[in-house]
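Below is one structure, written out as structure tokens, with a few remarks after it.
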Amino acid sequence: MAYVRVNDTDHYYEWVGTTTPRDPSSTKPVLVFIHGWAGSARYWQSTAAALSDRYDCLLYDMRGFGRSIISPDQQDAAAARGYELDTYADDLAVLLDALGLQKVSINAHSMGASVAVYFLNQYPLLVEQAILTCNGIFEYDKAAFDAFYKFGGYVVAFRPKWLGQLPLAPRFFMARFLSRPIPAAEKIAFLEDFLNADYATALGTIFTSVSKAATEVMPLEFAKISVPTLLVSGEFDKITPAALGRTAAELNPKIDYALVKNTGHFPMLEDPETYLDYISDFLEKKTVPSWGG
């Protein structure tokens, strides 16, 4: 397991398609994967493996999630740093610098895609192109947001470790996220990552990801993106409905849009073949219209 110190937190990372550390003689371009809320890089493994013949794929766990654990002696520093998504974009810039990477492509999912939007605008010279999966622009609804915060607080607070021992728990935990089945091992990994996420980080990023400020800022951030970008939605995504992704894509001619039909919040796992077709076409810079209707 490889770690690098980033802003006072040890960040887990790994390479797919090359050695860890990366083979210095490699000439393949680098594709960085960013996971979503309370997840880890584990669910990007199969996508990275499928692209590893063309890319050196860098997978990492964001601060406070997965294997990038905030140790007790780092809690105060982490709290002082805060949980704004643009600080996670800064983390990525430091990570790339520590690994000696000067220009990369990005594939990011859900909350990680929001982090990626900030990264594209704060560090455009570091990015070749970007894929944003299951992301979009929410409209502010105070009652709905307040209910979400209350529910989210309960969910984060009530995470007994024994939940992971119940045979059907992974299946029920993932039901809201999926429209098609995914491998059982992926469901188990998702639940494990959720149960192990740092409490303050998990709660803090709920409030920064879904907020009145985010509904005001994110449209401006999407409109500012200056690198070629593909936004991919799952047709039946209940977490970030496809219409919100299409709305975001329409703000900027640099953003192409693709819809993966009959999938939910994890199209890369629910229909990997279609998902890979879309992103491969984009990464190869083929001239294509928006996909999926």
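Convention: chains lettered A, B, ... in structure tokens order; per-chain residue numbering from 1; ligands numbered from 1 as shown.
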
Polymer residues at most 10 Å from region 183-190 of chain A, only C-alpha atoms, same-chain spacing of 5 or more positions, as a list in words: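 Selected residues are Ala38, Gly39, Ser40, Arg42, Tyr43, Gly66, Gly164, Gln165, Pro167, Leu168, Ala169, Pro170, Arg171, Phe172, Phe173, Met174, Ala175, Leu195, Leu269 and Glu270 of chain A.
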
Selection from above, C-alpha atoms, as a PDB file, in the first residue's frame, can you write it?
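The result, written out as part21.pdb:
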```
ATOM      1  CA  ALA A  38     -18.009   8.105   1.668  1.00  0.00           C
ATOM      2  CA  GLY A  39     -16.495   5.869  -0.998  1.00  0.00           C
ATOM      3  CA  SER A  40     -12.975   5.005  -2.074  1.00  0.00           C
ATOM      4  CA  ARG A  42     -11.882   0.651  -4.924  1.00  0.00           C
ATOM      5  CA  TYR A  43     -14.956   1.009  -7.125  1.00  0.00           C
ATOM      6  CA  GLY A  66     -11.267   4.943   2.279  1.00  0.00           C
ATOM      7  CA  GLY A 164     -21.273  -4.952   7.850  1.00  0.00           C
ATOM      8  CA  GLN A 165     -21.711  -8.457   9.258  1.00  0.00           C
ATOM      9  CA  PRO A 167     -25.613 -10.888   5.070  1.00  0.00           C
ATOM     10  CA  LEU A 168     -28.174  -8.688   3.292  1.00  0.00           C
ATOM     11  CA  ALA A 169     -26.882  -5.315   4.517  1.00  0.00           C
ATOM     12  CA  PRO A 170     -24.742  -4.515   1.429  1.00  0.00           C
ATOM     13  CA  ARG A 171     -27.672  -5.288  -0.860  1.00  0.00           C
ATOM     14  CA  PHE A 172     -30.102  -3.047   1.010  1.00  0.00           C
ATOM     15  CA  PHE A 173     -27.510  -0.314   1.475  1.00  0.00           C
ATOM     16  CA  MET A 174     -26.898  -0.057  -2.278  1.00  0.00           C
ATOM     17  CA  ALA A 175     -30.524  -0.445  -3.415  1.00  0.00           C
ATOM     18  CA  LEU A 195     -18.851   2.438   7.729  1.00  0.00           C
ATOM     19  CA  LEU A 269     -20.500  -0.719 -12.733  1.00  0.00           C
ATOM     20  CA  GLU A 270     -24.100  -1.183 -13.867  1.00  0.00           C
TER      21      GLU A 270
END
```

Leaving out region 73-77 of chain A and any residue of its chain fewer than 6 positions from it, which residues lie within 9 Å of it when counting only C-alpha atoms, given as JSON, numbers by chain? {"A": [8, 9, 200]}

Take the selection from the previous step and output its residues with C-alpha atoms, as an mmCIF file, in the first residue's frame.
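In the end it all went to again_27.cif:
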```cif
data_model
loop_
_atom_site.group_PDB
_atom_site.id
_atom_site.type_symbol
_atom_site.label_atom_id
_atom_site.label_comp_id
_atom_site.auth_asym_id
_atom_site.auth_seq_id
_atom_site.Cartn_x
_atom_site.Cartn_y
_atom_site.Cartn_z
ATOM 1 C CA ASP A 8 -0.876 16.931 6.776
ATOM 2 C CA THR A 9 -2.868 13.804 5.886
ATOM 3 C CA ALA A 200 -16.376 14.704 10.793
#
```

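Considering only C-alpha atoms, the residue among A:Val4, A:Ile131, A:Met218, A:Val260 positioned nearest to Ser179 (chain A) is A:Val260.
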
Taking into account only C-alpha atoms, which residue in the set A:Ala48, A:Ile137, A:Leu203, A:Leu95 is nearest to Phe158 (chain A)?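 Once distances to Phe158 (chain A) are computed over only C-alpha atoms, the minimum belongs to A:Leu203.
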
Closest to Lys28 (chain A) among A:Leu166, A:Ala258, A:Leu51, A:Leu120, using only C-alpha atoms?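 Of the candidates, the smallest distance to Lys28 (chain A) is held by A:Leu51.
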
Would you please work out which residue, of A:Met62, A:Leu101, A:Leu178, A:Ala50, is nearest to Val115 (chain A) when using only C-alpha atoms? A:Met62

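Pairwise distance (CA of Phe119 (chain A), CA of Leu92 (chain A)) equals 7.8 Å.
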
Would you mind writing down, as a ChimeraX atom specification, each residue of region 31-92 of chain A that DSSP on the backbone assigns to strand (DSSP E or B)? /A:31-34,56-60

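Restricting the calculation to only C-alpha atoms, the smallest distance between Asp56 (chain A) and any of A:Pro29, A:Pro160, A:Gly204, A:Pro181 is found for A:Pro29.
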
Write out as a short mmCIF file (atom, residue, chain, number, x, y, z; two decimals) with C-alpha atoms, in the first residue's frame each polymer residue whose atoms come within 12 Å of Thr274 (chain A), counting only C-alpha atoms; drop sequence neighbours fewer than 3 positions from it.
```cif
data_model
loop_
_atom_site.label_atom_id
_atom_site.label_comp_id
_atom_site.auth_asym_id
_atom_site.auth_seq_id
_atom_site.Cartn_x
_atom_site.Cartn_y
_atom_site.Cartn_z
CA THR A 47 -12.81 0.86 -15.11
CA VAL A 232 -22.07 11.22 -18.05
CA SER A 233 -25.43 10.58 -16.36
CA GLY A 234 -27.27 7.42 -15.39
CA ALA A 258 -23.80 11.23 -22.48
CA LEU A 259 -26.71 9.29 -20.98
CA VAL A 260 -26.21 5.65 -20.00
CA LYS A 261 -29.68 4.16 -20.21
CA ASN A 262 -31.18 1.87 -17.58
CA THR A 263 -28.53 2.73 -14.98
CA PRO A 267 -23.17 3.48 -14.60
CA MET A 268 -19.50 2.42 -14.70
CA LEU A 269 -20.50 -0.72 -12.73
CA GLU A 270 -24.10 -1.18 -13.87
CA ASP A 271 -23.34 -1.07 -17.60
CA ASP A 277 -17.61 3.02 -25.05
CA TYR A 278 -18.66 6.58 -24.26
CA ILE A 279 -15.56 7.57 -22.33
CA SER A 280 -13.21 5.82 -24.74
CA ASP A 281 -14.70 7.74 -27.67
CA TRP A 291 -24.95 10.52 -26.75
CA GLY A 292 -27.93 8.72 -25.30
#
```

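Across the model, the gap from CA of Phe194 (chain A) to CA of Phe177 (chain A) is 13.4 Å.
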
Where in region 97-245 of chain A does DSSP assign alpha helix (DSSP H), given as a ChimeraX atom specification? /A:97-98,111-122,142-157,169-174,184-196,199-209,212-224,242-245

Calculated over only C-alpha atoms, which of the candidates A:Gly264, A:Gly82, A:Pro219, A:Gly153 has the smallest distance to Ile206 (chain A)?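 Nearest to Ile206 (chain A): A:Gly153.
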
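Across the structure, CA of Val227 (chain A) and CA of Ala248 (chain A) are spaced 14.9 Å apart.
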
Residues of region 210-258 of chain A at most 10 Å from region 121-125 of chain A: nearest atom pair and distance in Å, only C-alpha atoms, as a Markdown table:
```
| residue | atom | partner | partner_atom | distance |
| --- | --- | --- | --- | --- |
| A:Glu221 | CA | A:Asn121 | CA | 7.2 |
| A:Phe222 | CA | A:Asn121 | CA | 8.8 |
| A:Ala223 | CA | A:Asn121 | CA | 9.9 |
| A:Lys224 | CA | A:Asn121 | CA | 6.8 |
| A:Ile225 | CA | A:Asn121 | CA | 5.9 |
| A:Ser226 | CA | A:Pro124 | CA | 7.2 |
| A:Val227 | CA | A:Pro124 | CA | 7.2 |
```

Hey, which bits of region 188-269 of chain A sit within 9 Å of region 107-114 of chain A, and for each residue what's the closest pair of atoms and how far apart in Å (one decimal), counting only C-alpha atoms, rows by chain and increasing number, as a Markdown table?
```
| residue | atom | partner | partner_atom | distance |
| --- | --- | --- | --- | --- |
| A:Thr205 | CA | A:Met111 | CA | 8.7 |
| A:Ser209 | CA | A:Met111 | CA | 6.8 |
| A:Met218 | CA | A:Ser114 | CA | 8.1 |
| A:Ile239 | CA | A:Ser110 | CA | 8.7 |
| A:Thr240 | CA | A:Ser110 | CA | 7.8 |
| A:His265 | CA | A:Ser110 | CA | 8.1 |
| A:Phe266 | CA | A:His109 | CA | 8.5 |
```
